[in-house]
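Next comes query-v4.tsv, a file with TSV, C-alpha atoms and all ligand atoms.
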```tsv
chain	number	residue	atom	x	y	z
V	1	MET	CA	0.00	0.00	0.00
V	2	SER	CA	1.28	3.48	-0.85
V	3	MET	CA	2.30	5.69	2.08
V	4	PHE	CA	0.67	8.58	0.29
V	5	LYS	CA	-2.91	9.73	-0.02
V	6	PRO	CA	-4.29	7.87	-3.06
V	7	HIS	CA	-5.93	10.94	-4.60
V	8	ILE	CA	-2.59	12.82	-4.55
V	9	ASN	CA	-0.71	9.75	-5.73
V	10	GLN	CA	-2.88	9.76	-8.85
V	11	MET	CA	-2.32	13.45	-9.62
V	12	SER	CA	0.28	14.94	-11.97
V	13	PRO	CA	2.29	18.01	-11.02
V	14	TYR	CA	1.50	21.29	-12.72
V	15	THR	CA	4.62	21.85	-14.79
V	16	PRO	CA	4.43	25.02	-16.89
V	17	PRO	CA	7.29	25.32	-19.42
V	18	LEU	CA	9.40	27.62	-17.24
V	19	GLU	CA	12.96	26.34	-17.29
V	20	GLY	CA	15.51	28.31	-19.27
V	21	ARG	CA	13.15	31.14	-20.20
V	22	SER	CA	14.75	34.02	-18.35
V	23	GLN	CA	18.28	33.19	-19.60
V	24	SER	CA	17.16	32.51	-23.16
V	25	GLY	CA	17.58	36.10	-24.31
V	26	CYS	CA	14.09	35.84	-25.80
V	27	LEU	CA	11.31	38.36	-25.45
V	28	LEU	CA	9.09	36.64	-22.89
V	29	LEU	CA	5.51	36.96	-24.11
V	30	ASP	CA	4.44	33.59	-22.76
V	31	PHE	CA	3.46	34.09	-19.09
V	32	ASN	CA	1.59	37.42	-19.03
V	33	GLU	CA	4.28	38.98	-16.86
V	34	SER	CA	5.36	42.58	-17.16
V	35	VAL	CA	7.87	42.92	-19.98
V	36	VAL	CA	9.85	45.60	-18.12
V	37	SER	CA	11.66	45.50	-14.77
V	38	PRO	CA	10.15	47.21	-11.74
V	39	PRO	CA	11.47	50.75	-11.05
V	40	SER	CA	14.56	51.50	-8.93
V	41	GLN	CA	12.40	52.24	-5.87
V	42	VAL	CA	11.92	48.44	-5.72
V	43	SER	CA	15.42	47.25	-6.62
V	44	ASP	CA	17.00	49.83	-4.25
V	45	ALA	CA	14.79	48.66	-1.38
V	46	LEU	CA	15.69	45.02	-2.10
V	47	SER	CA	19.42	45.63	-2.21
V	48	SER	CA	19.34	47.76	0.90
V	49	PHE	CA	17.47	44.97	2.72
V	50	ILE	CA	20.05	42.43	1.55
V	51	HIS	CA	22.81	44.59	3.04
V	52	SER	CA	20.96	45.40	6.27
V	53	ASN	CA	22.18	42.36	8.23
V	54	ARG	CA	18.67	40.94	8.51
V	55	LEU	CA	18.78	37.89	6.23
V	56	GLN	CA	19.24	35.63	9.26
V	57	VAL	CA	16.14	37.02	10.98
V	58	TYR	CA	12.55	35.80	10.49
V	59	PRO	CA	10.31	38.24	8.59
V	60	GLU	CA	8.71	41.29	10.22
V	61	TYR	CA	6.06	42.61	7.88
V	62	GLY	CA	5.42	46.04	9.43
V	63	ASN	CA	2.45	47.76	7.81
V	64	LEU	CA	2.35	45.69	4.59
V	65	THR	CA	-1.26	44.58	5.18
V	66	GLU	CA	-2.33	48.17	5.74
V	67	LEU	CA	-0.50	49.36	2.60
V	68	ILE	CA	-2.20	46.69	0.50
V	69	GLY	CA	-5.59	47.45	2.08
V	70	ASN	CA	-5.16	51.15	1.25
V	71	TYR	CA	-4.15	50.36	-2.32
V	72	ALA	CA	-7.15	48.03	-2.74
V	73	GLN	CA	-9.43	50.49	-0.92
V	74	VAL	CA	-10.90	47.95	1.46
V	75	PRO	CA	-11.78	48.38	5.16
V	76	PRO	CA	-9.10	47.45	7.75
V	77	GLY	CA	-8.96	43.72	8.48
V	78	SER	CA	-10.15	42.71	5.00
V	79	CYS	CA	-6.83	41.74	3.46
V	80	LEU	CA	-4.31	38.88	3.69
V	81	PHE	CA	-1.04	38.76	1.77
V	82	THR	CA	0.13	35.40	0.50
V	83	ASN	CA	3.01	33.66	-1.24
V	84	GLY	CA	1.76	34.54	-4.70
V	85	SER	CA	-1.94	34.33	-5.38
V	86	ASP	CA	-1.24	30.62	-5.90
V	87	GLN	CA	-1.06	30.35	-2.12
V	88	ALA	CA	-4.32	32.26	-1.75
V	89	ILE	CA	-5.97	29.65	-4.00
V	90	ASP	CA	-4.45	26.86	-1.95
V	91	ILE	CA	-5.45	28.14	1.49
V	92	LEU	CA	-8.99	28.99	0.36
V	93	MET	CA	-9.49	25.45	-0.96
V	94	ARG	CA	-8.04	24.05	2.26
V	95	LEU	CA	-10.35	26.20	4.36
V	96	VAL	CA	-13.56	25.65	2.41
V	97	VAL	CA	-13.48	22.32	0.54
V	98	ASN	CA	-14.01	18.93	2.20
V	99	PRO	CA	-13.15	15.67	0.39
V	100	GLY	CA	-15.90	14.92	-2.15
V	101	ASP	CA	-17.28	18.48	-2.16
V	102	ASN	CA	-18.40	19.85	-5.52
V	103	VAL	CA	-16.14	22.53	-7.00
V	104	LEU	CA	-17.25	24.44	-10.08
V	105	LEU	CA	-14.47	25.44	-12.49
V	106	LEU	CA	-14.42	26.85	-15.99
V	107	SER	CA	-12.18	25.59	-18.73
V	108	PRO	CA	-9.78	26.65	-20.10
V	109	SER	CA	-8.61	28.69	-17.15
V	110	PHE	CA	-5.72	29.10	-14.77
V	111	ALA	CA	-4.47	25.58	-13.97
V	112	MET	CA	-3.80	26.04	-10.25
V	113	PHE	CA	-7.51	25.98	-9.43
V	114	GLU	CA	-7.88	22.43	-10.67
V	115	GLN	CA	-4.63	21.43	-8.98
V	116	ALA	CA	-5.68	22.88	-5.60
V	117	ALA	CA	-9.18	21.38	-5.85
V	118	GLN	CA	-7.71	17.94	-6.64
V	119	LEU	CA	-5.45	18.21	-3.60
V	120	GLU	CA	-8.55	18.52	-1.42
V	121	ALA	CA	-10.09	15.46	-3.15
V	122	ALA	CA	-12.90	17.64	-4.49
V	123	GLN	CA	-15.42	16.53	-7.06
V	124	ILE	CA	-14.64	18.86	-9.95
V	125	HIS	CA	-17.44	20.08	-12.24
V	126	GLU	CA	-15.96	21.70	-15.30
V	127	ILE	CA	-17.87	23.89	-17.72
V	128	SER	CA	-16.42	25.13	-20.94
V	129	TYR	CA	-16.08	28.69	-22.14
V	130	ASN	CA	-18.27	29.29	-25.19
V	131	PRO	CA	-16.67	28.69	-28.61
V	132	ASP	CA	-16.53	32.49	-29.06
V	133	PHE	CA	-14.66	32.65	-25.67
V	134	SER	CA	-17.53	34.45	-23.95
V	135	PHE	CA	-18.42	33.47	-20.37
V	136	PRO	CA	-21.13	30.75	-20.23
V	137	TYR	CA	-23.45	32.72	-17.95
V	138	ALA	CA	-26.55	30.51	-18.25
V	139	GLU	CA	-24.59	27.26	-17.85
V	140	PHE	CA	-22.73	28.59	-14.81
V	141	GLU	CA	-25.95	29.67	-13.11
V	142	LYS	CA	-27.64	26.40	-13.99
V	143	ASN	CA	-24.82	24.40	-12.37
V	144	LEU	CA	-24.97	26.50	-9.22
V	145	GLY	CA	-28.70	25.91	-9.01
V	146	ALA	CA	-28.67	22.21	-9.84
V	147	THR	CA	-25.69	20.89	-7.91
V	148	ASN	CA	-24.70	21.48	-4.34
V	149	ILE	CA	-21.60	23.52	-5.26
V	150	ARG	CA	-19.32	24.19	-2.29
V	151	LEU	CA	-16.92	26.47	-4.14
V	152	ALA	CA	-17.05	28.18	-7.53
V	153	VAL	CA	-14.26	30.02	-9.30
V	154	ILE	CA	-14.63	33.08	-11.52
V	155	VAL	CA	-11.46	34.43	-13.13
V	156	ASN	CA	-12.09	38.01	-14.22
V	157	PRO	CA	-10.68	38.54	-16.76
V	158	ASN	CA	-9.87	34.92	-17.51
V	159	ASN	CA	-6.49	33.45	-18.41
V	160	PRO	CA	-5.93	32.32	-21.18
V	161	THR	CA	-8.96	33.80	-22.93
V	162	GLY	CA	-9.01	37.30	-21.41
V	163	THR	CA	-12.80	37.03	-21.10
V	164	PRO	CA	-14.36	39.61	-18.76
V	165	VAL	CA	-17.23	38.62	-16.46
V	166	ASP	CA	-20.07	41.03	-15.77
V	167	SER	CA	-19.77	42.45	-12.21
V	168	ASP	CA	-23.54	42.53	-11.71
V	169	PHE	CA	-23.70	38.83	-12.56
V	170	ILE	CA	-20.99	38.06	-9.98
V	171	GLN	CA	-22.86	40.06	-7.37
V	172	ALA	CA	-26.13	38.30	-8.22
V	173	MET	CA	-24.53	34.83	-7.90
V	174	VAL	CA	-22.84	35.66	-4.59
V	175	SER	CA	-26.17	36.90	-3.19
V	176	ARG	CA	-28.34	34.12	-4.59
V	177	PHE	CA	-26.08	31.25	-3.51
V	178	PRO	CA	-24.95	32.07	0.04
V	179	ASP	CA	-23.92	28.44	0.69
V	180	THR	CA	-21.44	28.49	-2.19
V	181	PHE	CA	-18.06	30.12	-1.66
V	182	PHE	CA	-16.95	32.22	-4.64
V	183	ILE	CA	-13.34	32.92	-5.55
V	184	VAL	CA	-13.08	35.91	-7.88
V	185	ASP	CA	-9.55	35.94	-9.30
V	186	GLU	CA	-8.52	39.44	-10.40
V	187	ALA	CA	-4.86	38.74	-11.23
V	188	TYR	CA	-5.22	41.15	-14.18
V	189	TYR	CA	-7.14	43.82	-12.27
V	190	GLU	CA	-4.70	46.64	-13.09
V	191	PHE	CA	-5.35	46.08	-16.80
V	192	HIS	CA	-9.11	45.51	-16.61
V	193	ARG	CA	-9.86	48.00	-13.81
V	194	GLU	CA	-13.12	46.34	-12.78
V	195	THR	CA	-13.41	44.74	-9.38
V	196	SER	CA	-15.80	42.83	-7.16
V	197	SER	CA	-14.01	44.05	-4.01
V	198	SER	CA	-17.08	45.94	-2.78
V	199	LEU	CA	-18.82	42.56	-2.22
V	200	ILE	CA	-16.53	41.59	0.65
V	201	ALA	CA	-18.03	44.05	3.16
V	202	GLU	CA	-21.43	42.38	3.11
V	203	HIS	CA	-20.79	38.85	1.91
V	204	ARG	CA	-18.81	36.22	3.78
V	205	ASN	CA	-18.92	33.77	0.87
V	206	VAL	CA	-16.54	35.57	-1.47
V	207	ALA	CA	-12.81	36.29	-1.76
V	208	VAL	CA	-11.13	38.50	-4.35
V	209	LEU	CA	-7.60	37.47	-5.38
V	210	ARG	CA	-4.92	39.82	-6.69
V	211	THR	CA	-1.20	39.58	-7.37
V	212	PHE	CA	2.04	41.55	-7.58
V	213	SER	CA	3.17	39.20	-10.37
V	214	LYS	CA	1.60	40.93	-13.36
V	215	ALA	CA	1.25	44.74	-13.66
V	216	PHE	CA	3.51	45.29	-10.60
V	217	ALA	CA	6.32	43.40	-12.38
V	218	LEU	CA	7.29	41.38	-9.29
V	219	ALA	CA	6.56	37.77	-10.36
V	220	ALA	CA	9.93	36.51	-9.05
V	221	LEU	CA	9.14	37.73	-5.52
V	222	ARG	CA	5.92	35.67	-5.19
V	223	VAL	CA	3.53	38.04	-3.47
V	224	GLY	CA	-0.22	38.00	-3.88
V	225	TYR	CA	-3.11	38.90	-1.65
V	226	LEU	CA	-6.75	38.25	-1.07
V	227	LEU	CA	-9.57	40.53	-0.03
V	228	GLY	CA	-12.41	39.18	2.04
V	229	HIS	CA	-14.76	39.75	4.96
V	230	SER	CA	-12.84	40.14	8.23
V	231	SER	CA	-14.32	36.84	9.49
V	232	LEU	CA	-12.82	35.06	6.46
V	233	ILE	CA	-9.42	36.68	7.02
V	234	THR	CA	-9.48	35.52	10.67
V	235	GLU	CA	-9.98	31.90	9.54
V	236	LEU	CA	-7.37	32.11	6.80
V	237	GLU	CA	-4.77	33.44	9.24
V	238	LYS	CA	-4.94	29.97	10.84
V	239	VAL	CA	-4.23	28.27	7.52
V	240	ARG	CA	-1.44	30.49	6.15
V	241	GLY	CA	1.83	30.10	8.04
V	242	PRO	CA	3.29	33.10	9.91
V	243	TYR	CA	6.34	33.38	7.62
V	244	ASP	CA	5.00	32.04	4.32
V	245	VAL	CA	5.85	35.24	2.48
V	246	ASN	CA	9.58	35.77	2.41
V	247	MET	CA	11.01	39.09	3.50
V	248	LEU	CA	12.35	40.06	0.07
V	249	GLY	CA	8.83	39.67	-1.31
V	250	ALA	CA	7.44	41.82	1.48
V	251	VAL	CA	10.14	44.50	1.02
V	252	GLY	CA	9.55	44.56	-2.75
V	253	ALA	CA	5.78	44.87	-2.37
V	254	MET	CA	6.12	47.64	0.22
V	255	ALA	CA	8.51	49.59	-1.97
V	256	ALA	CA	6.19	49.19	-4.97
V	257	LEU	CA	3.20	50.42	-2.96
V	258	LYS	CA	5.03	53.56	-1.80
V	259	ASP	CA	4.51	54.88	-5.31
V	260	PRO	CA	2.43	52.56	-7.48
V	261	SER	CA	2.10	55.14	-10.27
V	262	TYR	CA	4.48	53.04	-12.45
V	263	VAL	CA	1.84	50.31	-12.47
V	264	SER	CA	-0.93	52.46	-13.90
V	265	ARG	CA	1.47	54.04	-16.43
V	266	TYR	CA	2.47	50.58	-17.64
V	267	ALA	CA	-1.11	49.29	-17.76
V	268	ASP	CA	-2.22	52.41	-19.57
V	269	GLU	CA	0.44	52.07	-22.28
V	270	VAL	CA	-0.29	48.35	-22.71
V	271	MET	CA	-4.08	48.65	-22.86
V	272	ASN	CA	-4.53	51.98	-24.64
V	273	GLN	CA	-1.59	52.10	-27.06
V	274	ALA	CA	0.27	48.83	-27.52
V	275	LYS	CA	-2.66	46.41	-27.54
V	276	PRO	CA	-4.82	48.42	-29.99
V	277	MET	CA	-1.73	48.68	-32.23
V	278	LEU	CA	-1.21	44.90	-32.23
V	279	ILE	CA	-4.93	44.24	-32.79
V	280	ALA	CA	-5.05	46.70	-35.71
V	281	TYR	CA	-2.00	45.04	-37.27
V	282	LEU	CA	-3.43	41.52	-36.92
V	283	GLN	CA	-6.80	42.59	-38.30
V	284	SER	CA	-5.09	44.26	-41.26
V	285	LYS	CA	-3.57	40.84	-42.00
V	286	GLY	CA	-6.98	39.16	-41.78
V	287	VAL	CA	-6.03	37.25	-38.61
V	288	ASP	CA	-8.86	36.39	-36.18
V	289	VAL	CA	-8.17	37.96	-32.81
V	290	TYR	CA	-9.85	37.60	-29.43
V	291	ALA	CA	-8.70	40.71	-27.60
V	292	GLY	CA	-10.02	40.05	-24.08
V	293	ARG	CA	-9.46	42.57	-21.27
V	294	ALA	CA	-6.01	41.72	-19.97
V	295	ASN	CA	-2.37	42.24	-21.00
V	296	PHE	CA	-2.54	39.47	-23.57
V	297	LEU	CA	-4.58	38.46	-26.59
V	298	LEU	CA	-5.39	35.36	-28.57
V	299	LEU	CA	-4.71	35.13	-32.28
V	300	HIS	CA	-5.96	32.37	-34.51
V	301	SER	CA	-3.42	30.17	-36.26
V	302	SER	CA	-4.10	27.30	-38.66
V	303	ASP	CA	-0.96	25.69	-37.23
V	304	PRO	CA	-0.24	26.95	-33.69
V	305	PRO	CA	2.94	24.86	-33.12
V	306	SER	CA	4.52	26.23	-36.29
V	307	THR	CA	3.55	29.85	-35.45
V	308	MET	CA	5.05	29.41	-31.99
V	309	ASP	CA	8.16	27.82	-33.45
V	310	SER	CA	8.67	30.56	-35.98
V	311	LEU	CA	8.31	33.22	-33.25
V	312	ARG	CA	10.74	31.31	-31.02
V	313	GLN	CA	13.30	31.22	-33.79
V	314	GLN	CA	12.97	34.98	-33.97
V	315	GLY	CA	13.49	35.29	-30.21
V	316	ILE	CA	9.89	35.57	-29.01
V	317	LEU	CA	8.21	33.09	-26.64
V	318	VAL	CA	4.42	32.73	-26.67
V	319	ARG	CA	1.95	30.06	-25.45
V	320	ARG	CA	-0.70	27.97	-27.13
V	321	GLY	CA	-4.31	28.17	-25.93
V	322	ARG	CA	-6.03	25.05	-24.59
V	323	LYS	CA	-9.42	23.39	-25.07
V	324	VAL	CA	-11.79	25.76	-26.97
V	325	ALA	CA	-8.76	28.02	-27.45
V	326	SER	CA	-6.42	25.33	-28.83
V	327	SER	CA	-6.37	26.89	-32.31
V	328	MET	CA	-5.21	30.14	-30.74
V	329	VAL	CA	-1.79	31.44	-29.76
V	330	ARG	CA	-1.67	33.62	-26.63
V	331	ILE	CA	0.65	36.61	-26.79
V	332	THR	CA	1.45	38.78	-23.79
V	333	VAL	CA	1.27	42.45	-24.71
V	334	GLY	CA	4.02	44.72	-23.42
V	335	PRO	CA	4.70	48.39	-24.14
V	336	VAL	CA	4.69	49.87	-27.66
V	337	SER	CA	8.38	49.05	-28.30
V	338	CYS	CA	7.69	45.40	-27.48
V	339	VAL	CA	4.68	45.26	-29.78
V	340	GLU	CA	6.81	46.76	-32.58
V	341	LYS	CA	9.26	43.83	-32.22
V	342	CYS	CA	6.37	41.43	-32.10
V	343	ILE	CA	4.86	42.82	-35.30
V	344	GLU	CA	8.23	42.57	-37.06
V	345	ALA	CA	8.42	38.88	-36.14
V	346	LEU	CA	4.76	38.17	-36.96
V	347	GLU	CA	5.30	39.72	-40.37
V	348	LYS	CA	7.55	36.74	-41.18
V	349	CYS	CA	5.18	34.03	-40.00
V	350	LEU	CA	1.64	35.11	-40.84
H	401	LIG	C1	-5.63	34.07	-13.43
H	401	LIG	C2	-4.38	33.90	-12.64
H	401	LIG	N1	-4.45	33.77	-11.31
H	401	LIG	C3	-3.34	33.61	-10.57
H	401	LIG	C4	-2.09	33.56	-11.15
H	401	LIG	C5	-0.89	33.30	-10.28
H	401	LIG	O1	-0.34	34.44	-9.80
H	401	LIG	P1	0.81	34.44	-8.72
H	401	LIG	O2	2.07	34.66	-9.46
H	401	LIG	O3	0.45	35.57	-7.82
H	401	LIG	O4	0.79	33.13	-7.99
H	401	LIG	C6	-1.97	33.67	-12.53
H	401	LIG	C7	-0.66	33.59	-13.18
H	401	LIG	O5	-0.51	33.46	-14.35
H	401	LIG	C8	-3.14	33.85	-13.30
H	401	LIG	O6	-3.11	33.96	-14.63
```
Do you think you could lay out the structure here as structure tokens?
Ligand SMILES: Cc1ncc(COP(=O)(O)O)c(C=O)c1O
Amino acid sequence: MSMFKPHINQMSPYTPPLEGRSQSGCLLLDFNESVVSPPSQVSDALSSFIHSNRLQVYPEYGNLTELIGNYAQVPPGSCLFTNGSDQAIDILMRLVVNPGDNVLLLSPSFAMFEQAAQLEAAQIHEISYNPDFSFPYAEFEKNLGATNIRLAVIVNPNNPTGTPVDSDFIQAMVSRFPDTFFIVDEAYYEFHRETSSSLIAEHRNVAVLRTFSKAFALAALRVGYLLGHSSLITELEKVRGPYDVNMLGAVGAMAALKDPSYVSRYADEVMNQAKPMLIAYLQSKGVDVYAGRANFLLLHSSDPPSTMDSLRQQGILVRRGRKVASSMVRITVGPVSCVEKCIEALEKCL
């Protein structure tokens, strides 16, 4: 008999194609990260911490929670920082889901939800995005009504499709199904600028997830956070360890929040200049595009592996969509200069 829990024994690890990327010299348009480094306010704070004779000491987070709460404009006690939003997903599943509970997920979406639900031995109910990549509103609502769903996930906007979800719909579901816990993942909030954070004051059955990995350009530091009712935060503090976020992550996030104007400048250039430029170019070439509402888009390819290969040979990494998006290639959009390089390379493979 295996020493390990059978349901974990049967799982596969989530292994995104990470290795070798950052040293490849390629333009990294494959993980929806920021394409530029964070400003010196962050790197200076990190190097001064490294030289402050505190690496041997356990973390002291100071007012990080308060800084995040102010940035997210939520009442005191409504915020918990985590080791990437991946950890927020994990601790929410651990808190809410019992073995055999029904978990409602959409597909294709961010893989860690399925992984974390499987770890809790959940019964996963998967519904597909529509063929036009729109959110399957009626199907989602029908599943909530028909099955005893313990936890449902809404990624707004979704990865990899970029699909936005109507805020009024989210509010209606959270109100109508008080026995279902809703995770609203807003990893791309800074690009989309729509949030369900106002729900947390009144509803105990919802958490909003955000991250420093995307628009804040701090993916390597692994800091995310969740917003929720203070009673939810109190429970989650028992699940997250006291030192789960390392001190460099905390220092980087604090430095970023001292002046987060670089984040909105970046998001503004990506969403209002660079992305429209890339969309206009692709449309001029007759390529089908699904623009979505985040810092990436999907373009149709009759042969995705060969499009990806051709871009790689020209020094650009991108990802292929999955499931209903498998005939699409997902390209992260950076600033205008990055899109110019991208267009130059696409010119040779479209
Ligand atoms: C929708 C979504 N949620 C969460 C994450 C993970 O973010 P983090 O780096 O904070 O763990 C990602 C990363 O790609 C994502 O796309």
request  = Tell me which protein, DNA and RNA residues are within 9 Å of V:Ser134, counting only C-alpha atoms, leaving out same-chain ones fewer than 4 positions away, and put them as a VMD selection string.
outcome  = chain V and resid 129 to 130 161 163 to 165
Can I get the selected residues back with C-alpha atoms, as a PDB file, in the frame of the given file?
```
ATOM      1  CA  TYR V 129     -16.080  28.690 -22.140  1.00  0.00           C
ATOM      2  CA  ASN V 130     -18.270  29.290 -25.190  1.00  0.00           C
ATOM      3  CA  THR V 161      -8.960  33.800 -22.930  1.00  0.00           C
ATOM      4  CA  THR V 163     -12.800  37.030 -21.100  1.00  0.00           C
ATOM      5  CA  PRO V 164     -14.360  39.610 -18.760  1.00  0.00           C
ATOM      6  CA  VAL V 165     -17.230  38.620 -16.460  1.00  0.00           C
TER       7      VAL V 165
END
```
List every residue of chain V that has an atom at most 6 Å from any atom of ligand LIG 401 (chain H), and for each one report the closest atom pair and its distance in Å to one decimal, counting only C-alpha atoms and all ligand atoms, with rows sorted by chain and then by increasing residue number, as a tab-separated table.
```
residue	atom	partner	partner_atom	distance
V:Gly84	CA	H:LIG401	O3	3.5
V:Ser85	CA	H:LIG401	O3	3.6
V:Asp86	CA	H:LIG401	O4	3.8
V:Phe110	CA	H:LIG401	C1	5.1
V:Val155	CA	H:LIG401	C1	5.8
V:Asn158	CA	H:LIG401	C1	5.9
V:Asn159	CA	H:LIG401	C1	5.1
V:Asp185	CA	H:LIG401	N1	5.9
V:Ala187	CA	H:LIG401	N1	5.0
V:Thr211	CA	H:LIG401	O3	4.4
V:Ser213	CA	H:LIG401	O2	4.8
V:Ala219	CA	H:LIG401	O2	5.5
V:Arg222	CA	H:LIG401	O2	5.8
V:Val223	CA	H:LIG401	O3	5.9
V:Gly224	CA	H:LIG401	O3	4.7
```
message = If we count all atoms listed in the file and set the cut-off at 10 Å, which residues sit around V:Lys348, ignoring sequence neighbours fewer than 5 positions away in its own chain? Please answer as a ChimeraX atom specification.
response = /V:307,310-311,314,343
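The protein and nucleic acid residues lying at most 8 Å from V:Lys323 are Ser107, Pro108, Gly321, Ala325 and Ser326 of chain V, with all atoms listed in the file considered and sequence neighbours fewer than 2 positions away removed.
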Please, could you write that set of residues out with C-alpha atoms as a PDB file, in the coordinates of the input?
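Result went into selection.pdb, see below:
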```pdb
ATOM      1  CA  SER V 107     -12.180  25.590 -18.730  1.00  0.00           C
ATOM      2  CA  PRO V 108      -9.780  26.650 -20.100  1.00  0.00           C
ATOM      3  CA  GLY V 321      -4.310  28.170 -25.930  1.00  0.00           C
ATOM      4  CA  ALA V 325      -8.760  28.020 -27.450  1.00  0.00           C
ATOM      5  CA  SER V 326      -6.420  25.330 -28.830  1.00  0.00           C
TER       6      SER V 326
END
```
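Counting all atoms listed in the file and comparing V:Glu141, V:Asp44, V:Glu120, V:Glu60, the residue that lies closest to V:Val103 is V:Glu120.
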To box stretch 341-346 of chain V, take all atoms listed in the file, fit an axis-aligned box, add 8 Å on each side, and give centre and edge lengths in Å to one decimal, as lines of an AutoDock Vina configuration file.
```
center_x = 7.0
center_y = 41.0
center_z = -34.6
size_x = 20.5
size_y = 21.7
size_z = 21.0
```
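Distances here use only C-alpha atoms; by that measure, the residue among V:Glu235, V:Asp179, V:Glu347, V:Glu340 closest to V:Cys79 is V:Glu235.
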inquiry  = So that I can see what lies close to stretch 95-101 of chain V, please list as a VMD selection string the residues with an atom at most 6 Å from it, counting only C-alpha atoms and leaving out residues fewer than 6 positions away in the same chain.
reply    = chain V and resid 120 to 123
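Neighbours of V:Leu104 closer than or equal to 8 Å, with all atoms listed in the file counted and sequence neighbours fewer than 6 positions away skipped, come out as Ile124, His125, Glu126, Ile127, Asn143, Ile149, Leu151, Ala152 and Val153 of chain V.
Here atom CA of V:Leu64 and atom CA of V:Asp268 stand 25.5 Å from one another.
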query = To one decimal place, how far is atom CA of V:Glu190 from atom CA of V:Phe212 in Å?
reply = 10.1 Å
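Proximity ranking of V:Gly252, V:Pro304, V:Gly228, V:Pro160 relative to V:Phe216 places V:Gly252 first, based on all atoms listed in the file.
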inquiry  = One decimal, in Å: what's the spacing between atom CA of V:Val251 and atom CA of V:Val74?
reply    = 21.3 Å
